[in-house]
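Enquirer: This structure is in structure tokens; I'll ask about it shortly.
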Amino acid sequence: MNKFKIGCHLSSAGGYLAMGQTARAIGANVFQFFTRNPRGGAAKPVDPADVRAFLDYAEKEGIGPILAHAPYTLNASGADARVREFAESTMSDDLKRLELTPGALYNFHPGSHVGQGAEKGIELISSMLVRILSRLPKPPATTILLETMAGKGSEVGGTFEELRAIIDAVEPMLPYAYRLGVCLDTCHVWDGGFDVVGDLDGVLNAFDSVVGLDRLHAIHLNDSLNVRSSHKDRHACIGKGKIGLDALVRVINHPRLRDLPFYLETPNDLDGYRDEIALLSSRRS
Ligand SMILES: [Zn+2]
Ligand SMILES: [Zn+2]
């Protein structure tokens with residue numbers, strides 16, 4: 001029987017063990033957290049005792065993989081050199097800290113090219129990734145995931161081809177086997193124009209032929225406030241948006257997706273997340 005890996009975004013304010021305990025209390029067995037304030041800024045120092053206690057707890061309770069989300073302000077493809085330097089130092093620092101929790105996933109928004117064009121954006125993002133990966137242990141303990149974006153403004157990563165172009169630019173530059181992955185956000189791809197409601201198989205086939213489903217390591221399971229192709233990126237609670245419960249139930253049960261971890265980023269408090277996890281678990285086939 002395949003385990004349903006389901007959880008949500010949690011506050012990291014109390015540290016790793018507290019997140020593990022909170023996850024368990026709401027019926028989750030995976031969780032996501034921000035590596036630091038989502039608007040940027042310095043990260044709290046990691047407490048090695050807390051990490052050790054969490055790793056023991058996670059092993060005992062069957063929690064994981066954990067997904068660390070980079071701050072939204074991280075823009076590797078900014079036009080301003082200081083913006084790019086912030087992105088590079090932040091991601092470097094995040095990944096160094098994640099060496100303490102091997103097997104974690106690290107998810108980031110590829111960036112916004114702010115008028116420089118997608119091609120330039122892709123070049124800036126991939127060259128940054130190559131520099132960062134070259135400085136980390138080889139291979140690093142963490143899998144880095146590019147997030148599928150809604151194509152809002154000048155966002156890079158709103159098409160599968162753009163994600164593929166980043167992968168193609170990074171991997172040949174690394175002198176050891178390392179593979180970038182992808183995190184697919186159901187709200188973002190829907191807002192980006194992909195019909196996950198009417199043609200989930202078609203979307204997955206397109207993803208497979210451009211990126212490869214073996215690259216897909218995580219799903220952000222979100223409903224959307226807006227209609228398809230709106231390019232808005234406004235998350236809705238499960239079953240309360242334009243994607244709807246039935247389509248999201250097909251996502252969690254799809255044979256090509258069902259073994260992946262699912263992370264809710266819906267506008268909820270912990271009680272709301274507990275209810276959504278219970279609802280989705282009841283519809284797991
Ligand atoms: Zn995200
Ligand atoms: Zn979003």
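Please note that chains go A, B, ... in the order of the structure tokens, that every chain numbers its residues from 1, and that ligands are numbered from 1 in the order shown.
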Around ligand 2, at most 8 Å away and counting only C-alpha atoms and all ligand atoms, which residues are there? Put them as a PDB file with N, CA and C atoms, in the first residue's frame, please.

Expert:
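The resulting out11.pdb:
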```
ATOM      1  N   MET A 149       5.736  28.316 -12.357  1.00  0.00           N
ATOM      2  CA  MET A 149       5.153  29.605 -12.004  1.00  0.00           C
ATOM      3  C   MET A 149       3.903  29.917 -12.831  1.00  0.00           C
ATOM      4  N   ALA A 150       3.146  30.908 -12.367  1.00  0.00           N
ATOM      5  CA  ALA A 150       1.886  31.264 -13.035  1.00  0.00           C
ATOM      6  C   ALA A 150       2.116  32.177 -14.240  1.00  0.00           C
ATOM      7  N   ASP A 185       3.193  23.322  -8.945  1.00  0.00           N
ATOM      8  CA  ASP A 185       2.142  23.951  -8.144  1.00  0.00           C
ATOM      9  C   ASP A 185       0.855  23.934  -8.979  1.00  0.00           C
ATOM     10  N   CYS A 187      -2.012  25.401  -8.581  1.00  0.00           N
ATOM     11  CA  CYS A 187      -2.573  26.731  -8.829  1.00  0.00           C
ATOM     12  C   CYS A 187      -1.775  27.445  -9.910  1.00  0.00           C
ATOM     13  N   HIS A 188      -0.453  27.376  -9.810  1.00  0.00           N
ATOM     14  CA  HIS A 188       0.383  28.111 -10.777  1.00  0.00           C
ATOM     15  C   HIS A 188       0.206  27.578 -12.193  1.00  0.00           C
ATOM     16  N   ASP A 233      -1.846  33.861  -9.797  1.00  0.00           N
ATOM     17  CA  ASP A 233      -1.209  33.267  -8.616  1.00  0.00           C
ATOM     18  C   ASP A 233      -1.872  33.706  -7.309  1.00  0.00           C
ATOM     19  N   ARG A 234      -3.162  33.403  -7.178  1.00  0.00           N
ATOM     20  CA  ARG A 234      -3.841  33.612  -5.890  1.00  0.00           C
ATOM     21  C   ARG A 234      -4.393  32.266  -5.459  1.00  0.00           C
ATOM     22  N   HIS A 235      -3.857  31.731  -4.358  1.00  0.00           N
ATOM     23  CA  HIS A 235      -4.254  30.399  -3.904  1.00  0.00           C
ATOM     24  C   HIS A 235      -5.633  30.442  -3.238  1.00  0.00           C
ATOM     25  N   GLU A 265      -0.512  24.853   0.370  1.00  0.00           N
ATOM     26  CA  GLU A 265      -0.160  26.260   0.641  1.00  0.00           C
ATOM     27  C   GLU A 265      -1.430  27.073   0.505  1.00  0.00           C
TER      28      GLU A 265
END
```

Enquirer: Would you name the residues within 8 Å of ligand 1, counting only C-alpha atoms and all ligand atoms, and put them as a count of residues only?

Expert: 9

Enquirer: Closest to Pro175 (chain A) among A:Ser134, A:Asn222, A:Ser209, A:Thr73, using only C-alpha atoms?

Expert: A:Ser134

Enquirer: Of the residues A:Ser112, A:Ser224, A:Asn2, A:Ser229, which is the one nearest to Leu245 (chain A), using only C-alpha atoms?

Expert: A:Ser224

Enquirer: Of the candidates A:Ile125, A:Cys183, A:Ala247, A:Val227, which shows the shortest atom-to-atom distance to Leu260 (chain A), using only C-alpha atoms?

Expert: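 Closest to Leu260 (chain A), using only C-alpha atoms: A:Cys183.
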
Enquirer: Can you work out which one of A:Ser281, A:Thr148, A:Asn205, A:Asn268 has the shortest atom-to-atom distance to Val189 (chain A), counting only C-alpha atoms?

Expert: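 Using only C-alpha atoms, Val189 (chain A) sits closest to A:Thr148.
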
Enquirer: Write out as a count of residues only which residues come within 9 Å of region 56-63 of chain A when counting only C-alpha atoms, dropping same-chain ones fewer than 2 positions away.

Expert: 16

Enquirer: Ala13 (chain A): which residues within 10 Å, counting only C-alpha atoms, same-chain residues fewer than 4 positions away excluded, as a PyMOL selection string?

Expert: chain A and resi 18-19+33-34+36-37+44

Enquirer: For the residues in the current selection, export C-alpha atoms as a PDB file, in the first residue's frame.

Expert:
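Resulting contents of selection.pdb:
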```pdb
ATOM      1  CA  ALA A  18       8.187  21.825  16.810  1.00  0.00           C
ATOM      2  CA  MET A  19       7.316  21.666  13.106  1.00  0.00           C
ATOM      3  CA  PHE A  33       8.622  25.887   5.793  1.00  0.00           C
ATOM      4  CA  PHE A  34      10.369  29.123   4.883  1.00  0.00           C
ATOM      5  CA  ARG A  36      13.826  32.652   6.697  1.00  0.00           C
ATOM      6  CA  ASN A  37      11.364  35.517   6.571  1.00  0.00           C
ATOM      7  CA  LYS A  44      17.945  32.409  12.598  1.00  0.00           C
TER       8      LYS A  44
END
```

Enquirer: Near Ala104 (chain A), counting only C-alpha atoms, which residues have an atom at most 7 Å away, once you skip same-chain residues fewer than 2 positions from it, shown as a list in words?

Expert: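 The residues that qualify are Pro65, Ile66, Leu67, Thr101, Pro102, Tyr106, Thr142 and Thr143 of chain A.
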
Enquirer: Would you mind reading off the distance between CA of Gly41 (chain A) and CA of Gly121 (chain A), one decimal, in Å?

Expert: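 Between CA of Gly41 (chain A) and CA of Gly121 (chain A) the gap is 23.0 Å.
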
Enquirer: Do a neighbour search on Leu124 (chain A) at 9 Å with only C-alpha atoms, toss out local chain neighbours closer than 5 positions, and write the hits as a list of chain:residue names.

Expert: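 Listing them by chain and then by number gives A:Ala76, A:Ser77, A:Gly78, A:Arg84, A:His113, A:Glu119, A:Leu129.
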
Enquirer: Find the residues near Arg228 (chain A): any atom within 8 Å, counting only C-alpha atoms, skip ones fewer than 5 places away on the same chain, and give them as a list in words.

Expert: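 The contact residues come out as Trp190, Asp191, Gly192, Gly193, Phe194, Asp195 and Lys242 of chain A.
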
Enquirer: So how many Å separate CA of Pro110 (chain A) and CA of Asp259 (chain A), to one decimal?

Expert: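 A separation of 24.9 Å between them.
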
Enquirer: Return as number ranges by chain the full set of residues in region 29-151 of chain A whose backbone-based DSSP assignment is alpha helix (DSSP H).

Expert: A: 48-61, 81-98, 118-135

Enquirer: Those same residues, written as a compact mmCIF listing (two decimals), in the first residue's frame with N, CA and C atoms?

Expert:
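Result file follows (out.txt):
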```
# COMPACT_ATOMS: atom_id res chain seq x y z
N PRO A 48 21.80 22.87 16.49
CA PRO A 48 22.11 21.47 16.15
C PRO A 48 21.35 20.47 17.01
N ALA A 49 21.09 20.81 18.27
CA ALA A 49 20.35 19.89 19.15
C ALA A 49 18.91 19.74 18.66
N ASP A 50 18.32 20.84 18.21
CA ASP A 50 16.96 20.80 17.67
C ASP A 50 16.92 19.95 16.39
N VAL A 51 17.93 20.12 15.55
CA VAL A 51 17.98 19.33 14.31
C VAL A 51 18.09 17.83 14.63
N ARG A 52 18.96 17.50 15.56
CA ARG A 52 19.12 16.07 15.93
C ARG A 52 17.83 15.51 16.49
N ALA A 53 17.18 16.27 17.37
CA ALA A 53 15.92 15.81 17.97
C ALA A 53 14.86 15.64 16.87
N PHE A 54 14.84 16.56 15.93
CA PHE A 54 13.88 16.45 14.83
C PHE A 54 14.16 15.22 13.98
N LEU A 55 15.41 15.01 13.62
CA LEU A 55 15.73 13.87 12.75
C LEU A 55 15.31 12.55 13.40
N ASP A 56 15.53 12.42 14.71
CA ASP A 56 15.08 11.22 15.44
C ASP A 56 13.56 11.10 15.39
N TYR A 57 12.91 12.21 15.66
CA TYR A 57 11.44 12.23 15.69
C TYR A 57 10.87 11.89 14.31
N ALA A 58 11.45 12.49 13.28
CA ALA A 58 10.96 12.27 11.92
C ALA A 58 11.12 10.80 11.52
N GLU A 59 12.21 10.22 11.92
CA GLU A 59 12.46 8.81 11.60
C GLU A 59 11.43 7.93 12.32
N LYS A 60 11.21 8.23 13.59
CA LYS A 60 10.28 7.43 14.40
C LYS A 60 8.84 7.58 13.89
N GLU A 61 8.47 8.79 13.51
CA GLU A 61 7.09 9.06 13.12
C GLU A 61 6.86 8.96 11.61
N ALA A 81 22.34 44.31 -9.76
CA ALA A 81 23.36 43.38 -9.27
C ALA A 81 23.16 43.06 -7.79
N ARG A 82 22.69 44.05 -7.01
CA ARG A 82 22.50 43.79 -5.57
C ARG A 82 21.40 42.79 -5.33
N VAL A 83 20.37 42.83 -6.17
CA VAL A 83 19.27 41.86 -6.06
C VAL A 83 19.79 40.45 -6.34
N ARG A 84 20.63 40.35 -7.36
CA ARG A 84 21.19 39.03 -7.71
C ARG A 84 22.15 38.55 -6.63
N GLU A 85 22.93 39.47 -6.05
CA GLU A 85 23.86 39.07 -4.98
C GLU A 85 23.09 38.58 -3.76
N PHE A 86 21.98 39.25 -3.44
CA PHE A 86 21.16 38.80 -2.32
C PHE A 86 20.66 37.38 -2.60
N ALA A 87 20.20 37.14 -3.83
CA ALA A 87 19.68 35.81 -4.18
C ALA A 87 20.77 34.77 -4.00
N GLU A 88 21.95 35.08 -4.48
CA GLU A 88 23.03 34.09 -4.43
C GLU A 88 23.48 33.82 -3.00
N SER A 89 23.65 34.89 -2.20
CA SER A 89 24.12 34.64 -0.84
C SER A 89 23.05 33.96 -0.01
N THR A 90 21.78 34.30 -0.26
CA THR A 90 20.70 33.66 0.49
C THR A 90 20.60 32.18 0.16
N MET A 91 20.61 31.85 -1.12
CA MET A 91 20.48 30.45 -1.49
C MET A 91 21.69 29.64 -1.03
N SER A 92 22.87 30.22 -1.16
CA SER A 92 24.08 29.55 -0.67
C SER A 92 23.95 29.21 0.81
N ASP A 93 23.54 30.21 1.57
CA ASP A 93 23.43 30.05 3.02
C ASP A 93 22.33 29.01 3.35
N ASP A 94 21.19 29.10 2.67
CA ASP A 94 20.11 28.13 2.90
C ASP A 94 20.61 26.70 2.66
N LEU A 95 21.30 26.51 1.56
CA LEU A 95 21.72 25.15 1.19
C LEU A 95 22.81 24.64 2.13
N LYS A 96 23.65 25.52 2.62
CA LYS A 96 24.66 25.12 3.61
C LYS A 96 23.96 24.59 4.86
N ARG A 97 22.94 25.33 5.31
CA ARG A 97 22.21 24.92 6.51
C ARG A 97 21.47 23.62 6.29
N LEU A 98 20.97 23.42 5.08
CA LEU A 98 20.21 22.20 4.79
C LEU A 98 21.10 20.96 4.72
N ALA A 118 13.23 36.58 -21.18
CA ALA A 118 13.32 35.27 -20.53
C ALA A 118 14.68 34.62 -20.76
N GLU A 119 15.24 34.83 -21.94
CA GLU A 119 16.52 34.19 -22.25
C GLU A 119 17.62 34.68 -21.30
N LYS A 120 17.66 36.00 -21.09
CA LYS A 120 18.64 36.58 -20.17
C LYS A 120 18.36 36.10 -18.74
N GLY A 121 17.07 36.06 -18.39
CA GLY A 121 16.70 35.57 -17.06
C GLY A 121 17.21 34.15 -16.83
N ILE A 122 17.00 33.30 -17.81
CA ILE A 122 17.44 31.90 -17.70
C ILE A 122 18.95 31.81 -17.55
N GLU A 123 19.65 32.66 -18.29
CA GLU A 123 21.12 32.66 -18.21
C GLU A 123 21.58 33.09 -16.81
N LEU A 124 20.94 34.11 -16.24
CA LEU A 124 21.33 34.59 -14.91
C LEU A 124 21.03 33.54 -13.84
N ILE A 125 19.86 32.91 -13.95
CA ILE A 125 19.46 31.90 -12.96
C ILE A 125 20.41 30.71 -13.03
N SER A 126 20.68 30.23 -14.24
CA SER A 126 21.50 29.02 -14.34
C SER A 126 22.94 29.30 -13.95
N SER A 127 23.47 30.46 -14.29
CA SER A 127 24.87 30.71 -13.89
C SER A 127 24.97 30.83 -12.37
N MET A 128 23.95 31.39 -11.73
CA MET A 128 23.97 31.44 -10.27
C MET A 128 23.94 30.03 -9.67
N LEU A 129 23.07 29.18 -10.21
CA LEU A 129 22.97 27.81 -9.68
C LEU A 129 24.30 27.07 -9.84
N VAL A 130 24.95 27.27 -10.95
CA VAL A 130 26.24 26.59 -11.17
C VAL A 130 27.26 27.05 -10.13
N ARG A 131 27.32 28.37 -9.88
CA ARG A 131 28.29 28.87 -8.89
C ARG A 131 27.98 28.32 -7.51
N ILE A 132 26.69 28.32 -7.14
CA ILE A 132 26.32 27.85 -5.80
C ILE A 132 26.61 26.36 -5.65
N LEU A 133 26.20 25.57 -6.63
CA LEU A 133 26.41 24.12 -6.54
C LEU A 133 27.89 23.78 -6.53
N SER A 134 28.71 24.57 -7.21
CA SER A 134 30.14 24.29 -7.24
C SER A 134 30.79 24.48 -5.88
N ARG A 135 30.16 25.32 -5.04
CA ARG A 135 30.74 25.58 -3.71
C ARG A 135 30.22 24.63 -2.64
```
